[in-house]
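Structure data (mmCIF, C-alpha atoms) from final_13.cif:
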```
data_my_file
#
loop_
_atom_site.label_atom_id
_atom_site.label_comp_id
_atom_site.auth_asym_id
_atom_site.auth_seq_id
_atom_site.Cartn_x
_atom_site.Cartn_y
_atom_site.Cartn_z
CA MET A 117 43.37 37.70 -41.45
CA HIS A 118 43.44 41.11 -39.83
CA LEU A 119 46.24 43.30 -38.55
CA LYS A 120 45.75 44.53 -35.00
CA LYS A 121 44.02 47.87 -35.14
CA ASN A 122 46.75 49.98 -33.56
CA ILE A 123 49.63 48.67 -35.68
CA ALA A 124 51.33 51.53 -37.50
CA THR A 125 52.81 50.90 -40.94
CA SER A 126 54.52 53.20 -43.38
CA GLU A 127 54.99 53.04 -47.13
CA SER A 128 58.69 52.48 -46.54
CA GLY A 129 57.88 49.19 -44.83
CA PHE A 130 58.41 50.24 -41.21
CA ILE A 131 56.02 48.49 -38.83
CA PHE A 132 55.49 49.64 -35.23
CA ASN A 133 53.44 47.89 -32.58
CA PRO A 134 52.63 50.59 -30.01
CA ALA A 135 51.43 48.05 -27.45
CA THR A 136 54.76 46.25 -27.25
CA GLY A 137 57.26 48.77 -28.63
CA ASP A 138 58.37 46.22 -31.25
CA SER A 139 59.35 47.51 -34.65
CA PHE A 140 60.07 45.65 -37.89
CA SER A 141 61.21 46.37 -41.42
CA ALA A 142 59.32 44.85 -44.33
CA ASN A 143 60.59 44.56 -47.91
CA PRO A 144 58.71 46.57 -50.57
CA LEU A 145 56.32 43.78 -51.55
CA ALA A 146 55.52 42.89 -47.93
CA ALA A 147 54.99 46.60 -47.22
CA GLU A 148 52.52 46.78 -50.09
CA MET A 149 50.62 43.73 -48.83
CA LEU A 150 50.53 45.20 -45.33
CA LEU A 151 49.05 48.45 -46.62
CA LEU A 152 46.36 46.46 -48.47
CA LEU A 153 45.65 44.49 -45.28
CA LYS A 154 45.34 47.75 -43.37
CA GLN A 155 42.90 49.02 -45.97
CA GLY A 156 40.70 46.07 -45.07
CA LEU A 157 41.12 43.97 -48.22
CA SER A 158 40.55 40.24 -47.81
CA VAL A 159 43.37 37.76 -48.35
CA SER A 160 41.97 36.62 -51.70
CA GLU A 161 41.60 40.23 -52.87
CA ILE A 162 45.21 40.96 -51.95
CA LYS A 163 46.46 37.83 -53.71
CA LYS A 164 44.44 38.75 -56.82
CA ASN A 165 45.90 42.23 -56.71
CA ILE A 166 49.46 40.90 -56.51
CA LEU A 167 48.91 38.34 -59.29
CA GLU A 168 47.61 41.08 -61.60
CA LYS A 169 50.42 43.45 -60.81
CA TYR A 170 53.46 41.17 -60.69
CA ASP A 171 54.82 38.34 -62.78
CA VAL A 172 54.45 35.57 -60.22
CA GLU A 173 53.04 32.03 -60.28
CA LEU A 174 50.07 31.31 -58.02
CA SER A 175 51.93 28.44 -56.34
CA GLN A 176 54.88 30.72 -55.52
CA LEU A 177 52.56 33.44 -54.21
CA GLU A 178 50.73 30.93 -51.99
CA LYS A 179 54.02 29.75 -50.53
CA ASP A 180 55.30 33.29 -49.95
CA TRP A 181 51.96 34.33 -48.49
CA ASP A 182 52.09 31.50 -45.96
CA ASP A 183 55.59 32.60 -44.92
CA PHE A 184 54.41 36.20 -44.66
CA ALA A 185 51.38 35.26 -42.55
CA ALA A 186 53.51 33.08 -40.27
CA GLN A 187 55.92 35.96 -39.69
CA LEU A 188 53.08 38.37 -38.89
CA LYS A 189 51.70 35.86 -36.41
CA GLU A 190 55.10 35.27 -34.86
CA ALA A 191 55.55 39.04 -34.52
CA ASN A 192 52.22 39.27 -32.69
CA LEU A 193 50.80 41.67 -35.25
CA LEU A 194 47.58 39.81 -36.09
CA ASP A 195 44.21 39.90 -34.41
CA HIS A 196 43.39 36.44 -33.10
CA MET B 16 56.93 98.44 -16.31
CA SER B 17 56.44 94.69 -16.46
CA GLU B 18 56.42 92.77 -13.23
CA GLN B 19 59.14 90.17 -13.08
CA LEU B 20 57.92 86.68 -12.29
CA LYS B 21 59.33 85.43 -9.01
CA PRO B 22 60.85 82.00 -9.61
CA ILE B 23 59.69 78.92 -7.74
CA VAL B 24 62.66 77.63 -5.77
CA ILE B 25 62.93 73.85 -5.96
CA ALA B 26 65.64 71.71 -4.41
CA VAL B 27 66.45 68.42 -6.09
CA THR B 28 68.73 65.50 -5.14
CA GLY B 29 70.08 62.71 -7.33
CA LEU B 30 72.49 64.78 -9.44
CA ASN B 31 74.60 61.69 -10.18
CA ALA B 32 73.96 61.47 -13.90
CA ILE B 33 76.37 58.55 -14.28
CA ASP B 34 76.12 55.10 -15.92
CA SER B 35 73.55 54.04 -13.33
CA PRO B 36 72.00 57.47 -13.11
CA GLY B 37 70.10 59.19 -10.37
CA PRO B 38 66.92 60.88 -11.58
CA GLY B 39 67.82 64.43 -10.49
CA VAL B 40 69.05 65.87 -13.78
CA ALA B 41 66.06 64.44 -15.66
CA VAL B 42 63.67 65.80 -13.01
CA ILE B 43 65.24 69.26 -13.33
CA ARG B 44 65.03 69.16 -17.10
CA ALA B 45 61.31 68.41 -16.82
CA LEU B 46 60.87 71.23 -14.27
CA ARG B 47 62.59 73.71 -16.58
CA ASP B 48 60.19 72.66 -19.34
CA GLY B 49 57.21 72.89 -17.00
CA PHE B 50 58.08 76.27 -15.50
CA PRO B 51 60.03 78.08 -18.23
CA GLU B 52 61.76 81.25 -16.99
CA SER B 53 60.27 80.93 -13.54
CA VAL B 54 62.17 78.29 -11.64
CA LYS B 55 65.34 78.33 -9.59
CA ILE B 56 66.94 74.93 -9.08
CA ILE B 57 68.94 74.19 -5.98
CA GLY B 58 70.92 70.97 -6.28
CA LEU B 59 71.48 68.90 -3.15
CA SER B 60 74.47 66.59 -3.49
CA TYR B 61 76.27 63.94 -1.48
CA GLU B 62 79.42 63.40 -3.53
CA THR B 63 81.70 66.04 -5.04
CA LEU B 64 81.74 64.41 -8.47
CA GLU B 65 78.01 64.23 -9.11
CA PRO B 66 77.89 65.63 -12.67
CA GLY B 67 74.79 67.77 -12.06
CA ILE B 68 76.77 69.98 -9.66
CA TYR B 69 78.83 71.27 -12.59
CA LEU B 70 75.99 71.66 -15.12
CA HIS B 71 75.20 75.31 -14.51
CA ASP B 72 72.50 75.56 -17.15
CA ILE B 73 70.70 72.73 -15.32
CA VAL B 74 71.40 73.53 -11.65
CA ASP B 75 71.58 77.14 -10.43
CA LYS B 76 73.37 76.43 -7.16
CA THR B 77 74.37 73.22 -5.36
CA TYR B 78 74.80 72.50 -1.67
CA GLN B 79 76.17 69.32 -0.18
CA ILE B 80 74.00 67.60 2.37
CA PRO B 81 74.90 64.94 4.95
CA TYR B 82 74.63 61.25 4.07
CA PRO B 83 71.38 59.57 5.18
CA SER B 84 73.32 57.66 7.85
CA ALA B 85 74.00 60.97 9.65
CA GLY B 86 70.32 61.01 10.63
CA VAL B 87 67.38 63.37 10.39
CA ASP B 88 68.70 66.07 12.73
CA ALA B 89 71.86 66.63 10.72
CA LEU B 90 69.79 66.76 7.52
CA LEU B 91 67.26 69.18 9.00
CA ASN B 92 69.98 71.52 10.26
CA ARG B 93 71.65 71.58 6.87
CA LEU B 94 68.36 72.17 5.06
CA LYS B 95 67.51 74.99 7.43
CA SER B 96 70.79 76.74 6.70
CA ILE B 97 70.25 76.31 2.94
CA HIS B 98 66.67 77.54 3.32
CA GLU B 99 67.85 80.75 5.05
CA LYS B 100 69.86 81.62 1.95
CA GLU B 101 67.63 80.27 -0.79
CA ASN B 102 64.07 80.33 0.54
CA LEU B 103 63.27 76.81 -0.69
CA GLN B 104 59.64 76.12 -1.59
CA VAL B 105 59.71 72.47 -2.62
CA ILE B 106 62.19 69.62 -2.20
CA ILE B 107 62.15 66.60 -4.53
CA PRO B 108 64.31 63.81 -3.10
CA ASN B 109 65.27 61.18 -5.66
CA PHE B 110 67.20 58.46 -3.83
CA ASP B 111 65.56 55.46 -2.18
CA ALA B 112 68.10 55.58 0.67
CA GLU B 113 67.33 59.19 1.64
CA LEU B 114 63.54 58.97 1.41
CA TYR B 115 62.99 57.67 4.92
CA ASN B 116 64.64 60.80 6.38
CA PHE B 117 62.77 63.17 4.08
CA ILE B 118 59.44 61.52 4.86
CA LYS B 119 60.15 61.78 8.56
CA LEU B 120 61.10 65.44 8.18
CA GLY B 121 57.97 66.30 6.20
CA PRO B 122 56.12 68.11 9.05
CA SER B 123 59.26 69.96 10.22
CA LEU B 124 60.00 71.13 6.69
CA ARG B 125 56.42 72.24 6.19
CA SER B 126 56.56 74.27 9.42
CA ILE B 127 59.39 76.35 7.93
CA GLY B 128 57.67 76.73 4.57
CA ILE B 129 59.17 73.87 2.55
CA GLU B 130 56.80 71.44 0.85
CA THR B 131 57.44 67.86 -0.17
CA PHE B 132 55.10 65.44 -1.93
CA LEU B 133 56.09 62.02 -0.70
CA PRO B 134 54.48 58.70 0.19
CA THR B 135 53.72 58.02 3.83
CA ASN B 136 56.06 55.86 5.85
CA GLU B 137 53.52 53.05 5.67
CA GLN B 138 53.29 53.30 1.86
CA PHE B 139 57.07 53.47 1.62
CA ASP B 140 57.59 50.36 3.78
CA SER B 141 54.79 48.29 2.26
CA ARG B 142 56.34 48.18 -1.21
CA ASP B 143 59.85 47.44 0.11
CA LYS B 144 61.26 44.39 -1.66
CA ILE B 145 61.25 42.52 1.65
CA ASN B 146 57.48 43.00 1.80
CA LEU B 147 56.69 42.84 -1.92
CA TYR B 148 55.04 39.42 -1.95
CA ASN B 149 52.64 40.31 0.87
CA PHE B 150 52.08 43.68 -0.77
CA GLY B 151 51.00 41.93 -3.96
CA LYS B 152 48.72 39.55 -2.10
CA LYS B 153 47.12 42.35 -0.10
CA PHE B 154 46.34 44.50 -3.12
CA ASP B 155 45.67 41.73 -5.64
CA LEU B 156 48.72 42.57 -7.74
CA LEU B 157 50.71 39.96 -9.62
CA VAL B 158 54.18 39.65 -8.05
CA PRO B 159 56.78 36.88 -8.23
CA LYS B 160 56.95 34.41 -5.36
CA ASP B 161 59.81 35.07 -3.00
CA LYS B 162 61.36 34.05 0.28
CA VAL B 163 63.19 36.27 2.73
CA ILE B 164 66.09 34.25 4.11
CA TYR B 165 68.74 34.74 6.80
CA GLN B 166 70.80 31.55 6.39
CA VAL B 167 72.55 30.13 3.37
CA ASN B 168 71.06 26.64 3.82
CA GLU B 169 67.59 28.10 3.28
CA LEU B 170 68.55 28.35 -0.39
CA TYR B 171 67.83 24.62 -0.78
CA SER B 172 64.13 25.03 0.01
CA CYS B 173 63.99 28.06 -2.33
CA ALA B 174 65.45 25.99 -5.18
CA GLU B 175 62.99 23.21 -4.46
CA GLU B 176 60.03 25.57 -4.50
CA PHE B 177 60.98 27.95 -7.33
CA ASN B 178 63.37 25.82 -9.46
CA TYR B 179 66.36 27.36 -11.23
CA PRO B 180 67.27 29.96 -12.09
CA LEU B 181 66.80 31.79 -8.79
CA VAL B 182 67.02 35.55 -8.41
CA VAL B 183 69.10 36.34 -5.32
CA LYS B 184 68.61 39.94 -4.22
CA GLY B 185 70.37 42.20 -1.75
CA LYS B 186 68.36 44.00 0.90
CA PHE B 187 68.79 47.40 -0.75
CA TYR B 188 70.35 46.94 -4.19
CA ASP B 189 71.81 44.33 -6.55
CA ALA B 190 70.46 41.07 -7.83
CA VAL B 191 72.11 37.94 -9.20
CA VAL B 192 70.48 35.32 -11.40
CA ALA B 193 71.78 31.97 -10.12
CA HIS B 194 71.55 28.85 -12.28
CA THR B 195 73.09 26.45 -9.75
CA MET B 196 73.23 26.07 -5.97
CA GLU B 197 76.91 27.09 -6.03
CA GLN B 198 76.05 30.34 -7.82
CA ALA B 199 73.20 31.01 -5.40
CA GLN B 200 75.45 30.45 -2.37
CA LYS B 201 78.15 32.69 -3.80
CA ALA B 202 75.53 35.41 -4.42
CA PHE B 203 74.18 34.99 -0.88
CA TYR B 204 77.61 35.60 0.68
CA LYS B 205 78.48 38.44 -1.67
CA LEU B 206 75.20 40.30 -1.24
CA SER B 207 74.91 39.77 2.51
CA ALA B 208 78.49 41.04 2.96
CA LYS B 209 77.64 44.15 0.96
CA TRP B 210 74.13 44.97 2.13
CA GLY B 211 73.56 42.85 5.22
CA LEU B 212 70.73 40.40 5.91
CA PRO B 213 68.15 39.36 4.97
CA ILE B 214 68.54 38.17 1.41
CA ILE B 215 65.51 37.95 -0.85
CA VAL B 216 65.24 34.94 -3.14
CA GLN B 217 62.76 35.42 -5.92
CA GLN B 218 61.15 33.25 -8.57
CA PHE B 219 62.69 33.98 -11.99
CA ILE B 220 60.22 35.49 -14.45
CA THR B 221 61.04 35.83 -18.14
CA GLY B 222 59.44 38.28 -20.50
CA THR B 223 59.64 41.86 -21.68
CA GLU B 224 60.81 44.55 -19.29
CA ILE B 225 58.41 47.44 -19.07
CA ASN B 226 58.50 50.30 -16.60
CA ILE B 227 55.65 52.63 -15.71
CA ALA B 228 56.30 56.12 -14.34
CA VAL B 229 53.39 56.93 -12.07
CA LEU B 230 52.24 60.01 -10.16
CA GLY B 231 49.58 59.64 -7.46
CA ASP B 232 47.83 62.49 -5.66
CA GLY B 233 47.65 60.72 -2.28
CA LYS B 234 43.85 60.44 -2.52
CA GLY B 235 43.73 57.41 -4.77
CA ASN B 236 43.85 59.27 -8.08
CA THR B 237 46.45 58.57 -10.74
CA ILE B 238 47.46 61.95 -12.12
CA SER B 239 49.76 60.39 -14.67
CA ALA B 240 50.93 56.96 -15.80
CA VAL B 241 53.33 56.48 -18.70
CA PRO B 242 54.50 52.98 -19.68
CA MET B 243 57.88 52.60 -21.32
CA ARG B 244 59.51 49.53 -22.82
CA LYS B 245 63.24 49.24 -22.37
CA LEU B 246 64.83 48.96 -25.81
CA TYR B 247 68.45 48.83 -24.70
CA ILE B 248 69.51 47.58 -21.29
CA THR B 249 72.95 48.14 -19.77
CA ASP B 250 74.88 45.50 -17.87
CA LYS B 251 73.52 47.13 -14.72
CA GLY B 252 69.99 46.52 -15.93
CA LYS B 253 69.30 50.20 -16.64
CA ALA B 254 67.39 51.39 -19.67
CA TRP B 255 69.70 53.20 -22.09
CA ALA B 256 66.89 53.62 -24.63
CA GLY B 257 63.15 53.23 -24.30
CA ILE B 258 59.85 53.93 -26.02
CA THR B 259 56.40 54.89 -24.74
CA LEU B 260 53.72 52.24 -25.19
CA GLU B 261 50.00 52.28 -25.78
CA ASP B 262 48.51 49.60 -23.58
CA ASP B 263 45.40 50.21 -21.50
CA SER B 264 46.07 47.17 -19.33
CA LEU B 265 49.31 48.77 -18.10
CA ILE B 266 47.54 52.06 -17.34
CA ASP B 267 44.82 50.12 -15.52
CA LEU B 268 47.49 48.32 -13.51
CA ALA B 269 49.02 51.66 -12.47
CA ARG B 270 45.60 53.01 -11.52
CA HIS B 271 44.85 49.89 -9.50
CA PHE B 272 48.16 50.29 -7.67
CA VAL B 273 47.54 53.98 -6.86
CA LYS B 274 43.93 53.44 -5.84
CA SER B 275 44.82 50.48 -3.60
CA THR B 276 47.67 52.26 -1.85
CA ASN B 277 46.58 55.93 -2.08
CA TRP B 278 50.11 56.47 -3.31
CA LYS B 279 51.32 60.03 -2.89
CA GLY B 280 54.08 61.29 -5.18
CA GLY B 281 56.08 59.75 -7.98
CA CYS B 282 57.03 56.12 -8.31
CA GLU B 283 58.12 53.57 -10.87
CA LEU B 284 56.53 50.18 -11.35
CA GLU B 285 59.01 47.68 -12.78
CA ILE B 286 57.03 45.17 -14.79
CA MET B 287 57.98 41.90 -16.44
CA ARG B 288 55.32 41.05 -19.01
CA THR B 289 55.40 37.32 -19.65
CA HIS B 290 54.83 35.72 -23.03
CA ASP B 291 51.25 34.95 -22.04
CA ASN B 292 50.75 38.66 -21.26
CA GLN B 293 50.83 38.49 -17.47
CA PRO B 294 52.23 41.73 -15.98
CA PHE B 295 54.32 40.79 -12.94
CA ILE B 296 55.35 43.69 -10.71
CA MET B 297 59.02 43.03 -10.00
CA GLU B 298 59.68 46.14 -7.92
CA VAL B 299 58.06 49.39 -6.90
CA ASN B 300 60.59 52.22 -6.75
CA PRO B 301 59.25 54.94 -4.46
CA ARG B 302 60.49 57.91 -6.50
CA PHE B 303 60.76 59.12 -10.08
CA PRO B 304 62.91 56.98 -12.40
CA ALA B 305 66.00 58.31 -14.21
CA TRP B 306 64.03 58.28 -17.50
CA ILE B 307 61.36 60.63 -16.10
CA TYR B 308 62.05 63.33 -18.72
CA LEU B 309 60.31 61.04 -21.23
CA THR B 310 57.03 61.79 -19.40
CA ALA B 311 57.53 65.50 -20.10
CA ALA B 312 58.53 64.78 -23.68
CA CYS B 313 55.39 62.72 -24.32
CA GLY B 314 52.97 65.22 -22.80
CA GLN B 315 52.62 64.29 -19.13
CA ASN B 316 55.21 66.31 -17.22
CA GLN B 317 55.18 64.41 -13.94
CA PRO B 318 57.83 66.45 -12.04
CA ALA B 319 56.04 69.72 -12.88
CA ALA B 320 52.70 68.22 -11.86
CA LEU B 321 54.21 67.02 -8.57
CA VAL B 322 55.45 70.55 -7.79
CA LYS B 323 52.03 72.02 -8.53
CA MET B 324 50.40 69.53 -6.16
CA ALA B 325 53.07 70.14 -3.52
CA LEU B 326 52.18 73.85 -3.71
CA GLY B 327 48.51 73.07 -3.14
CA GLU B 328 47.01 72.84 -6.63
CA ASN B 329 44.38 70.21 -7.35
CA LEU B 330 45.17 68.61 -10.68
CA GLU B 331 42.99 66.67 -13.06
CA PRO B 332 44.52 63.41 -14.28
CA TYR B 333 46.33 63.60 -17.61
CA GLN B 334 44.44 61.75 -20.32
CA ASN B 335 46.80 61.45 -23.28
CA TYR B 336 50.44 61.05 -24.14
CA ALA B 337 52.43 60.55 -27.32
CA VAL B 338 52.92 56.85 -28.06
CA GLY B 339 56.19 55.86 -29.75
CA LYS B 340 58.16 58.69 -28.12
CA MET B 341 61.68 57.45 -27.52
CA PHE B 342 64.62 58.37 -25.37
CA ILE B 343 68.20 57.42 -26.11
CA ARG B 344 70.60 58.21 -23.29
CA TYR B 345 74.08 59.42 -24.14
CA ALA B 346 77.37 60.04 -22.40
CA TRP B 347 79.03 63.47 -22.63
CA ASP B 348 82.35 64.61 -21.22
CA HIS B 349 81.52 67.84 -19.46
CA ILE B 350 84.54 70.07 -18.97
CA THR B 351 85.03 72.07 -15.80
CA ASP B 352 87.92 73.56 -13.87
CA VAL B 353 89.61 72.38 -10.72
CA SER B 354 88.54 75.64 -9.05
CA GLU B 355 84.92 74.44 -9.18
CA PHE B 356 85.84 71.04 -7.79
CA GLN B 357 87.78 72.81 -5.05
CA GLN B 358 84.82 75.07 -4.25
CA ILE B 359 82.36 72.20 -3.74
CA SER B 360 84.97 70.06 -1.94
CA ALA B 361 86.12 72.74 0.48
CA PHE B 362 82.96 74.76 1.06
CA GLY B 363 80.20 72.29 0.30
CA GLU B 364 78.51 74.58 -2.18
CA LEU B 365 78.93 75.72 -5.76
#
```
Give the structure from the file, written as structure tokens.
Amino acid sequence: MHLKKNIATSESGFIFNPATGDSFSANPLAAEMLLLLKQGLSVSEIKKNILEKYDVELSQLEKDWDDFAAQLKEANLLDH
Amino acid sequence: MSEQLKPIVIAVTGLNAIDSPGPGVAVIRALRDGFPESVKIIGLSYETLEPGIYLHDIVDKTYQIPYPSAGVDALLNRLKSIHEKENLQVIIPNFDAELYNFIKLGPSLRSIGIETFLPTNEQFDSRDKINLYNFGKKFDLLVPKDKVIYQVNELYSCAEEFNYPLVVKGKFYDAVVAHTMEQAQKAFYKLSAKWGLPIIVQQFITGTEINIAVLGDGKGNTISAVPMRKLYITDKGKAWAGITLEDDSLIDLARHFVKSTNWKGGCELEIMRTHDNQPFIMEVNPRFPAWIYLTAACGQNQPAALVKMALGENLEPYQNYAVGKMFIRYAWDHITDVSEFQQISAFGEL
């Protein structure tokens, strides 16, 4: 899963797609995951990172990740 | 002793900075940015309550000019008398309805030392909404299907071919989205009473509204193209806020349009980008849009570039602009005195 190259993200969770003019707000955890995605980490590396850092069950993370990925896709922010 | 720079004298129309604004005030703002300290702006107005007339830090002096319906001779005579006092160098007309006269007067104006930088009559007519479908076919541009109709019963075949909703458009302005035959008929009568015949019935396209401000040099080169997505749209369909986009396909579309038509001057491509990313050209406005100051703000000052070309400079196309630059329009109650209103009403100048 890769973010489109020109998508701008900030640490505060603001996401801007310069090709469409769409902008979105992400919560702090989603913002962190987006930054890791932008840094080129793979999905499994990001999940590992989150599991190490936060007190969360793998099953819950998987579920939340699927929601997160679906929203990114819906928002047209992912490379196909 | 330093030599004082002689200002370029530029006349501009479209001072009606109202809820459906003319582009004049935005054009002037861009010119003042492009030629700081060295420009004198002459406003040309039709109505006495065009706000730009009273904005003295924007417009140095305003003269009323005759309505387009008065014809080219009346306009030329008025411009000549203004020229005697002001020594105009360039005129930038900003209304669709006046462009025909200004294009026709181009050679006469040039002979007395006034430059314009406008499309040819042929270019102007070809993109008219009555001709838009053929225009798209001729130049391989994606445009919605339409039918030009003269009788209300022709709406039935339009509905059969395009399905609902239908977009019913007046010859010059106004459009109604009709979801039923009754609505389409009502729109037909309303628009034909207001603007005359024919009526244009267009296929309805859904998507994201994007406009591109374009400047062509008349030789097929695109000097500037800036795409903007409307972020807030008024009930009149005007952008009240917008943001510059980064999308090479939109720039390519603008270049294709300019190269195909050899477009000379400013124009605005109104695009509807569908969900499957097809950019339909909904209209081509043959002059700068009201949001043109955004081009100056993002690094491609189109009005200033147009003036330079009108005065004979050869310009290289702009390459870059700031993406994510936004405009947010606002309303402001400007205060003036009745003496100013009286001056423009009684003497036709202020």
Residue nearest chain B among A:Leu193, A:Ser158, A:Phe132, A:Ala142 (counting only C-alpha atoms):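 Counting only C-alpha atoms, the residue closest to chain B is A:Phe132.
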Hey, can you pull every residue with an atom no more than 7 Å from (57.1, 47.6, -20.0), using all atoms listed in the file, and send it as a PyMOL selection string? chain B and resi 223-227+242-245+286-288
Could you list, as a list of chain:residue names, every residue matched by the PyMOL selection byres ((chain B) within 9 of (chain A)) in this structure? B:Thr223, B:Met243, B:Arg244, B:Lys245, B:Leu246, B:Gly257, B:Ile258, B:Thr259, B:Leu260, B:Glu261, B:Asp262, B:Asp263, B:Val338, B:Gly339
Can I get the selection written as a compact mmCIF listing (two decimals), keeping the file's coordinate frame, with C-alpha atoms?
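Result file selection17.txt:
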```
# COMPACT_ATOMS: atom_id res chain seq x y z
CA THR B 223 59.64 41.86 -21.68
CA MET B 243 57.88 52.60 -21.32
CA ARG B 244 59.51 49.53 -22.82
CA LYS B 245 63.24 49.24 -22.37
CA LEU B 246 64.83 48.96 -25.81
CA GLY B 257 63.15 53.23 -24.30
CA ILE B 258 59.85 53.93 -26.02
CA THR B 259 56.40 54.89 -24.74
CA LEU B 260 53.72 52.24 -25.19
CA GLU B 261 50.00 52.28 -25.78
CA ASP B 262 48.51 49.60 -23.58
CA ASP B 263 45.40 50.21 -21.50
CA VAL B 338 52.92 56.85 -28.06
CA GLY B 339 56.19 55.86 -29.75
```
Name every residue that the PyMOL selection byres ((chain B and resi 177-191) around 6) selects in this structure, writing the answer as an MDAnalysis selection string with chains first and numbers rising. chainID B and resid 173:176 192:194 206 210 214:219
Name the residues that the PyMOL selection byres ((chain B and resi 100-108) around 6) pulls out of this structure, and write them as number ranges by chain. B: 24-28, 97-99, 109, 129-131
In Å, rounded to a single decimal, give me how far atom CA of Val299 of chain B is from atom CA of Asn149 of chain B.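 So the answer is 13.1 Å.
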